[in-house]
Structures are given as structure tokens and as C-alpha cells.
Amino acid sequence: MRILGFETTCDETSAAVVENGMKVISNVVSSSQDFHKKYGGVVPEVAAREQVRTIIPVVKEALLKARVSNPAREVDAIAVAYGPGLIGSLLVGVESAKTMAIVWNKPLVPVNHLVGHVYANWIQVTKPQYSKSPKFPLIALIVSGGHTDLVLMTDHGKYKWLGGTLDDAAGEAFDKVARVLGLGYPGGPEIERVAGAKYLVTGNQAPATKYHLPRPMIKDENFDFSFSGLKTAVVNLVHSLEIIDHRKKTEIASEFQNAVVDVLVEKTIRAAKKYRVTEILVGGGVAANSELKHRMSKVGLKNKFSVRFPSTDLSVDNGAMIAACAFYNFNPVKIESLQAQSGLYFS
Ligand code: KG4
Ligand code: ZN
């Protein structure tokens, strides 16, 4: 089954053709990030206008790359991320997907963007190191610019939300700290670059840094997170320093990254132990972080959990994960009734 997936929840416009939920035939992503760089964050109005400008060319390219010349015949269904996200951006993808589903007479499958991030891990089965699909029950950690959630999945479409951030999302904290340090947007890759891949030198654990930042809620028994205090601690630290040279930036970025990774790893492993799962799946933009990948995999292995991360292009927002999710959760809806839901969450 070939599914054409749409992803337009924020500042990426993406369309992808995926076969049987695991083989990516094409995955085209256009980002309006460059427009947002000077503001250090996404400007919703600008993102929505860019969605309108790019959606048709992106779909055309995705079909062309997949050598689909007659979608009405060669595509079996259409999937679209209908929330959560910025309403202006979401509307563009949802209304475009509805229109195409009507014109080509195809089933339309709505996908929760957050669940979509988890399904990026099913696509990996085409890679040799992940020759088998993930096995339930599993723990999913979703870490993106807007969300930080721990979810227990017992089957496709069956999830129990265990906890999430009480304030800033992990990616949001990366973006804000990057801004305080005078680094670019998006902040995650910038922090990672400045912090450097220290684990390569030291092996197991990142080295202690000169500065010490808090690990919020790390000892709490629940599965909630809080990153706003950590961000404020960085702001206060930066303001207390007279000069911030490159070395100090490196130390602060590294300590901040360690703090976030420490909390994410500790809570995820604790959830995996408590619910006796064998697999941990990580998804969302922050899943592209090498320090997080390295440490989650290392601690996971030590505790006999299989840990999966999508490749970087499938960690950040993309249409392929939406198409993959729709394949395993094939619940088409009445086309006219589908509405974008900016506040959609886990139900
Ligand atoms: O999933 P995503 O592409 O969009 C949302 O659904 O929000 O995630 C974007 C977030 C941004 O906050 C960005 O800074 C973060 O993911 N991110 C990273 C890395 N790459 C992207 N955070 C840490 N390390 C990275 N390498
Ligand atoms: Zn996302």
C-alpha cells in the first residue's frame, strides 16, 4: 500500500510517499527556518504563509521523485498530520490533503503529529541494524520543539500517556538557551555543535564541566519534566559572567546538554523498568541529538533494553513518518468532517 503523507504542523512543509509503512519512496521537506532565524523562534504568520507558498511544489516534487504520474491510480491513501501545531500551518496541510483525497477519491487518514514522530522508528526496519519492527509493549519518548512526553504503547493505536513537561519542552529549552548564548536557530543543533562530541573522547559519560546546572525533577517518581528552571539557571549564569568567550560557551552548552540528557535518560529508563518493556523508541527533533543517542543507547543496553532512534532526517518533522503512522493505524475518516486541531494531545 502506497500512502502520500502530509506534514505541515509548524515551519516544515513536507510530503512523502511511503510503501507499506516502512519503505520511503520519496520524502520532500521544505523549511521556512531561514525566515525565523533573526527572531530566534518561529513566527506563526510567516510560517503559515510559507506553507501556502510551498505546499503544491512540495507535493509535486514528492510525486515526481516517487515516479507517480497518476496519483488517482498509483496512490492508495492520503495521510495528514492534523495536530498539534500552529493553526495557520496546520490548516494548509489539512485542507490540501482533504482536497486531494476528494479529487483522487482516496481514503483520508488523520495522524496525530506526536504519534507520527514515534512511527519514524518503523521506517528504520529497511536499515540492516533494525531488521525487525519494534515490539510492543514499548516506551516512547517524544522530544520536540513543542513537546516532551513519555508514553507506554501496548499496540498500534493503544497508548497510555505517562507524563510530560510541566512547562518548556526539551527542544524549546535548547532553542532558548542557544539564543541566550548568542547562537543560531534552531538551537538544538547549535548547542550540540558548540558543546562538541565529548563522549567520543571519554566513552561512557560526558566529562564534568566547570559549571553545574540543575537536573530538574530527576529524582521525582513521576514521569513529568520541567525545563524552564534549567533555562533560567543558564540565563542567570550567563548574566553573572562578565565575558563570555568561546571556551565558556562550550562549557555552558555542554553542561546544559548534559543536564537535559541526564533527565531524559533517567526517566525513560525508569519508565521502561516500571512497565517491563523490552524496547524504547525515541522520536522528535531532539532525537537527532548525538549525546542523547549515545547515552540512551548505552544505559539502555546496560539494562537490556533495545533502544531505537530514527535517522536525523526522520527525527525532525517530515511527511514520511505521517504516512508510516497511517499505514499501521489505518482509520480513514469522512473527508469533509476532518478539522485541524492545534491543541490535539494524547487521548
Ligand atoms: O520535531 P521537530 O522538528 O518540530 C516540532 O515538532 O517541534 O523538533 C524541533 C526541535 C527544535 O527545538 C530543535 O532545536 C530541536 O528539535 N533539535 C535538536 C537537535 N536537532 C533539532 N535538539 C537537540 N539536538 C539536536 N541535534
Ligand atoms: Zn515535530
# chains A, B, ... in the order shown; residues from 1 in each chain; ligands from 1
call {"tool": "residues_near_ligand", "arguments": {"ligand": "ligand 2", "cutoff": "10 Å", "atoms": "only C-alpha atoms and all ligand atoms", "output": "MDAnalysis selection string"}}
result
chainID A and resid 7:12 84:85 113:117 142:147 171 283:286 314:318
call {"tool": "residues_around", "arguments": {"residues": "Val109 of chain A", "least_positions_apart": "5", "cutoff": "6 Å", "atoms": "only C-alpha atoms", "output": "list in words"}}
result
Ala79, Asn331 and Pro332 of chain A
call {"tool": "atom_distance", "arguments": {"atom1": "atom 1 (O, counted along the ligand's line) of ligand 1", "atom2": "atom CA of Lys65 of chain A"}}
result
23.8 Å
call {"tool": "closest_residue", "arguments": {"among": "A:Ile78, A:Val68, A:Met100, A:Leu181", "to": "His246 of chain A", "atoms": "only C-alpha atoms"}}
result
A:Leu181
call {"tool": "residues_around", "arguments": {"residues": "segment 260-270 of chain A", "least_positions_apart": "6", "cutoff": "6 Å", "atoms": "only C-alpha atoms", "output": "list in words"}}
result
Ile218, Leu292 and Met296 of chain A
